[in-house]
$ cat start_2.csv   # CSV, C-alpha atoms
chain,number,residue,atom,x,y,z
A,136,PRO,CA,-7.9,-50.3,-16.8
A,137,SER,CA,-6.1,-47.1,-17.5
A,138,ASN,CA,-5.2,-43.9,-15.7
A,139,GLN,CA,-7.7,-41.2,-16.4
A,140,VAL,CA,-8.3,-37.5,-15.7
A,141,TYR,CA,-11.6,-36.0,-14.7
A,142,TYR,CA,-12.2,-32.3,-15.0
A,143,PHE,CA,-14.2,-29.8,-12.9
A,144,ASP,CA,-15.7,-26.3,-13.3
A,145,PHE,CA,-14.3,-23.5,-11.3
A,146,ASP,CA,-14.8,-24.0,-7.5
A,147,GLN,CA,-17.0,-27.1,-8.2
A,148,THR,CA,-16.9,-30.7,-7.1
A,149,ALA,CA,-19.3,-32.1,-9.6
A,150,LEU,CA,-17.7,-34.0,-12.6
A,151,LYS,CA,-17.8,-32.2,-16.0
A,152,GLY,CA,-19.5,-33.5,-19.1
A,153,ASP,CA,-19.3,-37.1,-20.0
A,154,ALA,CA,-16.7,-37.9,-17.3
A,155,MET,CA,-19.4,-40.0,-15.4
A,156,LYS,CA,-19.5,-42.6,-18.2
A,157,ALA,CA,-15.8,-43.0,-18.2
A,158,LEU,CA,-15.7,-43.2,-14.4
A,159,LEU,CA,-18.4,-45.9,-14.3
A,160,VAL,CA,-16.2,-48.1,-16.6
A,161,GLN,CA,-13.4,-47.7,-14.1
A,162,ALA,CA,-15.7,-48.5,-11.2
A,163,ASP,CA,-16.9,-51.7,-12.9
A,164,TYR,CA,-13.3,-52.8,-13.4
A,165,LEU,CA,-12.3,-52.0,-9.8
A,166,ALA,CA,-15.4,-53.6,-8.3
A,167,THR,CA,-14.7,-56.9,-10.2
A,168,HIS,CA,-11.0,-56.8,-9.4
A,169,PRO,CA,-10.8,-56.2,-5.6
A,170,GLY,CA,-7.0,-56.7,-5.5
A,171,THR,CA,-6.5,-53.6,-7.7
A,172,SER,CA,-6.0,-50.2,-6.1
A,173,ILE,CA,-5.9,-46.6,-7.2
A,174,ARG,CA,-4.8,-43.2,-6.0
A,175,LEU,CA,-7.0,-40.2,-6.6
A,176,GLU,CA,-5.0,-37.0,-6.9
A,177,GLY,CA,-7.1,-33.8,-6.5
A,178,ASN,CA,-5.9,-30.6,-8.2
A,179,THR,CA,-7.1,-27.0,-8.6
A,180,ASP,CA,-6.2,-24.0,-10.7
A,181,GLN,CA,-3.8,-21.4,-9.1
A,182,ARG,CA,-6.5,-19.0,-8.0
A,183,GLY,CA,-7.3,-18.9,-4.3
A,184,SER,CA,-5.2,-19.6,-1.2
A,185,ARG,CA,-3.1,-22.7,-0.8
A,186,GLU,CA,-5.3,-23.9,2.1
A,187,TYR,CA,-8.5,-23.4,0.3
A,188,ASN,CA,-7.2,-25.2,-2.8
A,189,ILE,CA,-5.9,-28.2,-0.8
A,190,GLY,CA,-9.5,-28.5,0.7
A,191,LEU,CA,-11.1,-28.2,-2.7
A,192,GLY,CA,-8.8,-30.8,-4.2
A,193,TRP,CA,-9.7,-33.1,-1.3
A,194,ARG,CA,-13.5,-32.5,-1.8
A,195,ARG,CA,-13.0,-33.4,-5.5
A,196,ASP,CA,-11.3,-36.6,-4.5
A,197,GLN,CA,-14.1,-37.5,-2.2
A,198,ALA,CA,-16.7,-36.8,-4.9
A,199,VAL,CA,-15.0,-39.2,-7.2
A,200,ALA,CA,-14.4,-41.8,-4.5
A,201,ARG,CA,-18.1,-41.6,-3.5
A,202,ILE,CA,-19.2,-42.5,-7.0
A,203,LEU,CA,-16.8,-45.4,-7.2
A,204,GLU,CA,-17.9,-46.7,-3.8
A,205,GLN,CA,-21.6,-46.4,-4.8
A,206,GLN,CA,-20.7,-48.7,-7.7
A,207,GLY,CA,-19.2,-51.4,-5.5
A,208,VAL,CA,-15.6,-50.4,-5.2
A,209,ARG,CA,-14.2,-51.0,-1.7
A,210,SER,CA,-12.9,-48.0,0.2
A,211,SER,CA,-9.7,-50.0,0.9
A,212,GLN,CA,-9.0,-49.9,-2.9
A,213,ILE,CA,-8.9,-46.1,-2.9
A,214,ASP,CA,-6.1,-43.8,-1.6
A,215,MET,CA,-6.6,-40.0,-2.0
A,216,VAL,CA,-4.2,-37.0,-1.9
A,217,SER,CA,-4.9,-33.4,-2.6
A,218,TYR,CA,-2.2,-31.3,-4.3
A,219,GLY,CA,-4.4,-28.2,-4.5
A,220,LYS,CA,-2.6,-25.8,-6.9
A,221,GLU,CA,0.9,-27.3,-6.3
A,222,ARG,CA,1.0,-29.6,-9.4
A,223,PRO,CA,-0.5,-27.7,-12.4
A,224,ALA,CA,-0.9,-29.5,-15.7
A,225,SER,CA,-0.4,-26.1,-17.3
A,226,PHE,CA,1.6,-23.1,-16.0
A,227,GLU,CA,-0.1,-20.6,-18.2
A,228,ASN,CA,-2.3,-17.9,-16.7
A,229,THR,CA,-5.3,-18.3,-19.1
A,230,PRO,CA,-8.8,-19.7,-18.7
A,231,GLU,CA,-7.8,-22.7,-20.9
A,232,ALA,CA,-4.9,-23.5,-18.6
A,233,TRP,CA,-7.0,-23.1,-15.5
A,234,SER,CA,-9.5,-25.6,-16.9
A,235,LEU,CA,-6.8,-28.2,-17.4
A,236,ASN,CA,-5.6,-27.7,-13.8
A,237,ARG,CA,-9.0,-28.3,-12.2
A,238,ARG,CA,-8.9,-32.1,-12.2
A,239,VAL,CA,-8.8,-35.4,-10.3
A,240,GLU,CA,-6.3,-37.9,-11.7
A,241,LEU,CA,-7.1,-41.6,-11.2
A,242,ILE,CA,-3.9,-43.5,-11.1
A,243,TYR,CA,-3.6,-47.3,-11.0
A,244,LYS,CA,-1.1,-48.4,-8.4
A,245,GLY,CA,1.3,-51.2,-8.7

$ encode --input "start_2.csv" --output "structure tokens"
Amino acid sequence: PSNQVYYFDFDQTALKGDAMKALLVQADYLATHPGTSIRLEGNTDQRGSREYNIGLGWRRDQAVARILEQQGVRSSQIDMVSYGKERPASFENTPEAWSLNRRVELIYKG
């Protein structure tokens, strides 16, 4: 298992590109190791209000958690937090930076 980052398009909650394959590998590990837990950290780019972005980060967390649970991961293994736009991966004001900030980080606890 390793911490991973999953990226999203602007104002979307669907995983980008080949992220699903990587997430399914994590799901398999978590489903077969029920004592292992993770934290999902939802993030957005800096556009939009603080409140809207907290909600969007939360919806992104839920989308990832739903996929994990559909693969047999117990909900008790998953904690979620939304940081919205408060913890950017990049502070630049460019489309490339924004795309790095629209993410859910999967962090193994313990």

$ residues_around --input "start_2.csv" --residues "region 211-215 of chain A" --least-positions-apart "3" --cutoff "6 Å" --atoms "all atoms listed in the file" --output "list in words"
Ser172, Ile173, Arg174, Leu175 and Glu176 of chain A

$ closest_residue --input "start_2.csv" --among "A:Gly219, A:Val160, A:Gly183, A:Val199" --to "Tyr141 (chain A)" --atoms "only C-alpha atoms"
A:Val199

$ residues_around --input "start_2.csv" --residues "region 193-195 of chain A" --least-positions-apart "4" --cutoff "9 Å" --atoms "all atoms listed in the file" --output "ChimeraX atom specification"
/A:143,147-150,176-178,188-189,199-200,215-219,238-239

$ write_last_selection --input "start_2.csv" --atoms "C-alpha atoms" --output "CSV table (one decimal), keeping the file's coordinate frame"
chain,number,residue,atom,x,y,z
A,143,PHE,CA,-14.2,-29.8,-12.9
A,147,GLN,CA,-17.0,-27.1,-8.2
A,148,THR,CA,-16.9,-30.7,-7.1
A,149,ALA,CA,-19.3,-32.1,-9.6
A,150,LEU,CA,-17.7,-34.0,-12.6
A,176,GLU,CA,-5.0,-37.0,-6.9
A,177,GLY,CA,-7.1,-33.8,-6.5
A,178,ASN,CA,-5.9,-30.6,-8.2
A,188,ASN,CA,-7.2,-25.2,-2.8
A,189,ILE,CA,-5.9,-28.2,-0.8
A,199,VAL,CA,-15.0,-39.2,-7.2
A,200,ALA,CA,-14.4,-41.8,-4.5
A,215,MET,CA,-6.6,-40.0,-2.0
A,216,VAL,CA,-4.2,-37.0,-1.9
A,217,SER,CA,-4.9,-33.4,-2.6
A,218,TYR,CA,-2.2,-31.3,-4.3
A,219,GLY,CA,-4.4,-28.2,-4.5
A,238,ARG,CA,-8.9,-32.1,-12.2
A,239,VAL,CA,-8.8,-35.4,-10.3

$ closest_residue --input "start_2.csv" --among "A:Gly190, A:Asp196, A:Phe145, A:His168" --to "Ser234 (chain A)" --atoms "only C-alpha atoms"
A:Phe145

$ closest_residue --input "start_2.csv" --among "A:Ala157, A:Gln205, A:Lys151, A:Arg182" --to "Asn138 (chain A)" --atoms "only C-alpha atoms"
A:Ala157

$ closest_residue --input "start_2.csv" --among "A:Leu235, A:Phe226, A:Gly152, A:Lys220" --to "Glu186 (chain A)" --atoms "all atoms listed in the file"
A:Lys220

$ closest_residue --input "start_2.csv" --among "A:Arg185, A:Ser210, A:Ala224, A:Pro230" --to "Gln197 (chain A)" --atoms "only C-alpha atoms"
A:Ser210

$ residues_around --input "start_2.csv" --residues "Asp163 (chain A)" --least-positions-apart "6" --cutoff "10 Å" --atoms "only C-alpha atoms" --output "PDB file with C-alpha atoms, keeping the file's coordinate frame"
ATOM      1  CA  PRO A 136      -7.900 -50.300 -16.800  1.00  0.00           C
ATOM      2  CA  LEU A 203     -16.800 -45.400  -7.200  1.00  0.00           C
ATOM      3  CA  GLN A 206     -20.700 -48.700  -7.700  1.00  0.00           C
ATOM      4  CA  GLY A 207     -19.200 -51.400  -5.500  1.00  0.00           C
ATOM      5  CA  VAL A 208     -15.600 -50.400  -5.200  1.00  0.00           C
TER       6      VAL A 208
END

$ closest_residue --input "start_2.csv" --among "A:Gly245, A:Leu158, A:Thr179, A:Thr171" --to "Pro223 (chain A)" --atoms "only C-alpha atoms"
A:Thr179

$ decode --input "start_2.csv" --residues "region 169-204 of chain A" --atoms "N, CA, C and O atoms" --output "short mmCIF file (atom, residue, chain, number, x, y, z; two decimals), in the first residue's frame"
data_model
loop_
_atom_site.label_atom_id
_atom_site.label_comp_id
_atom_site.auth_asym_id
_atom_site.auth_seq_id
_atom_site.Cartn_x
_atom_site.Cartn_y
_atom_site.Cartn_z
N PRO A 169 -8.53 -5.73 6.65
CA PRO A 169 -9.56 -4.93 7.32
C PRO A 169 -9.06 -4.13 8.52
O PRO A 169 -9.75 -3.22 8.97
N GLY A 170 -7.87 -4.41 9.01
CA GLY A 170 -7.32 -3.64 10.12
C GLY A 170 -6.62 -2.37 9.67
O GLY A 170 -6.19 -1.56 10.49
N THR A 171 -6.51 -2.19 8.37
CA THR A 171 -5.84 -1.02 7.81
C THR A 171 -6.87 0.07 7.55
O THR A 171 -7.97 -0.21 7.08
N SER A 172 -6.50 1.30 7.86
CA SER A 172 -7.43 2.40 7.61
C SER A 172 -6.74 3.53 6.86
O SER A 172 -5.52 3.65 6.86
N ILE A 173 -7.57 4.34 6.22
CA ILE A 173 -7.08 5.44 5.40
C ILE A 173 -7.85 6.72 5.73
O ILE A 173 -8.93 6.69 6.33
N ARG A 174 -7.29 7.83 5.28
CA ARG A 174 -7.97 9.12 5.32
C ARG A 174 -8.00 9.65 3.89
O ARG A 174 -6.97 9.64 3.20
N LEU A 175 -9.16 10.07 3.45
CA LEU A 175 -9.31 10.72 2.16
C LEU A 175 -9.38 12.22 2.40
O LEU A 175 -10.18 12.68 3.21
N GLU A 176 -8.51 12.96 1.71
CA GLU A 176 -8.44 14.41 1.87
C GLU A 176 -8.84 15.07 0.56
O GLU A 176 -8.09 15.04 -0.41
N GLY A 177 -10.05 15.66 0.53
CA GLY A 177 -10.55 16.30 -0.67
C GLY A 177 -10.04 17.73 -0.80
O GLY A 177 -10.03 18.48 0.17
N ASN A 178 -9.63 18.08 -2.01
CA ASN A 178 -9.08 19.40 -2.29
C ASN A 178 -9.63 19.95 -3.59
O ASN A 178 -10.03 19.19 -4.48
N THR A 179 -9.60 21.28 -3.71
CA THR A 179 -10.07 21.95 -4.93
C THR A 179 -9.05 23.01 -5.34
O THR A 179 -8.13 23.32 -4.57
N ASP A 180 -9.24 23.58 -6.52
CA ASP A 180 -8.42 24.73 -6.86
C ASP A 180 -9.01 25.96 -6.17
O ASP A 180 -10.03 25.87 -5.48
N GLN A 181 -8.36 27.10 -6.33
CA GLN A 181 -8.73 28.27 -5.53
C GLN A 181 -9.90 29.06 -6.07
O GLN A 181 -10.36 30.00 -5.43
N ARG A 182 -10.43 28.66 -7.20
CA ARG A 182 -11.58 29.38 -7.75
C ARG A 182 -12.85 28.98 -7.01
O ARG A 182 -13.02 27.84 -6.62
N GLY A 183 -13.74 29.92 -6.81
CA GLY A 183 -14.99 29.66 -6.11
C GLY A 183 -14.90 30.01 -4.64
O GLY A 183 -13.83 30.25 -4.09
N SER A 184 -16.05 30.01 -3.98
CA SER A 184 -16.11 30.39 -2.57
C SER A 184 -15.55 29.28 -1.68
O SER A 184 -15.49 28.11 -2.08
N ARG A 185 -15.18 29.66 -0.49
CA ARG A 185 -14.67 28.69 0.48
C ARG A 185 -15.72 27.61 0.74
O ARG A 185 -15.41 26.42 0.75
N GLU A 186 -16.96 28.02 0.96
CA GLU A 186 -18.03 27.08 1.28
C GLU A 186 -18.28 26.10 0.14
O GLU A 186 -18.43 24.90 0.35
N TYR A 187 -18.34 26.63 -1.08
CA TYR A 187 -18.57 25.76 -2.24
C TYR A 187 -17.44 24.73 -2.36
O TYR A 187 -17.69 23.55 -2.60
N ASN A 188 -16.21 25.18 -2.21
CA ASN A 188 -15.07 24.29 -2.37
C ASN A 188 -14.97 23.25 -1.27
O ASN A 188 -14.55 22.12 -1.53
N ILE A 189 -15.37 23.59 -0.05
CA ILE A 189 -15.41 22.57 1.02
C ILE A 189 -16.41 21.48 0.61
O ILE A 189 -16.12 20.28 0.74
N GLY A 190 -17.56 21.88 0.10
CA GLY A 190 -18.56 20.91 -0.34
C GLY A 190 -18.07 20.07 -1.51
O GLY A 190 -18.28 18.85 -1.55
N LEU A 191 -17.38 20.69 -2.46
CA LEU A 191 -16.87 19.96 -3.63
C LEU A 191 -15.79 18.96 -3.20
O LEU A 191 -15.78 17.82 -3.65
N GLY A 192 -14.90 19.37 -2.30
CA GLY A 192 -13.89 18.45 -1.79
C GLY A 192 -14.53 17.26 -1.09
O GLY A 192 -14.09 16.12 -1.23
N TRP A 193 -15.61 17.52 -0.35
CA TRP A 193 -16.33 16.46 0.34
C TRP A 193 -16.98 15.51 -0.67
O TRP A 193 -16.93 14.29 -0.51
N ARG A 194 -17.58 16.04 -1.72
CA ARG A 194 -18.20 15.18 -2.75
C ARG A 194 -17.15 14.34 -3.46
O ARG A 194 -17.41 13.18 -3.81
N ARG A 195 -15.97 14.88 -3.65
CA ARG A 195 -14.88 14.10 -4.26
C ARG A 195 -14.45 12.97 -3.32
O ARG A 195 -14.22 11.84 -3.76
N ASP A 196 -14.34 13.27 -2.02
CA ASP A 196 -14.06 12.22 -1.04
C ASP A 196 -15.09 11.11 -1.12
O ASP A 196 -14.76 9.92 -1.14
N GLN A 197 -16.35 11.50 -1.14
CA GLN A 197 -17.44 10.52 -1.17
C GLN A 197 -17.39 9.67 -2.44
O GLN A 197 -17.67 8.47 -2.39
N ALA A 198 -17.03 10.26 -3.56
CA ALA A 198 -16.94 9.50 -4.82
C ALA A 198 -15.86 8.43 -4.71
O ALA A 198 -16.08 7.28 -5.13
N VAL A 199 -14.71 8.79 -4.15
CA VAL A 199 -13.63 7.81 -3.99
C VAL A 199 -14.04 6.74 -2.96
O VAL A 199 -13.85 5.54 -3.20
N ALA A 200 -14.62 7.16 -1.85
CA ALA A 200 -15.05 6.21 -0.82
C ALA A 200 -16.08 5.23 -1.37
O ALA A 200 -16.04 4.04 -1.07
N ARG A 201 -16.99 5.72 -2.18
CA ARG A 201 -18.04 4.85 -2.76
C ARG A 201 -17.41 3.76 -3.62
O ARG A 201 -17.80 2.58 -3.54
N ILE A 202 -16.42 4.10 -4.40
CA ILE A 202 -15.73 3.10 -5.23
C ILE A 202 -15.04 2.07 -4.34
O ILE A 202 -15.13 0.87 -4.58
N LEU A 203 -14.35 2.55 -3.32
CA LEU A 203 -13.67 1.63 -2.40
C LEU A 203 -14.67 0.68 -1.74
O LEU A 203 -14.44 -0.54 -1.68
N GLU A 204 -15.78 1.21 -1.26
CA GLU A 204 -16.78 0.39 -0.59
C GLU A 204 -17.42 -0.61 -1.55
O GLU A 204 -17.72 -1.74 -1.16
#
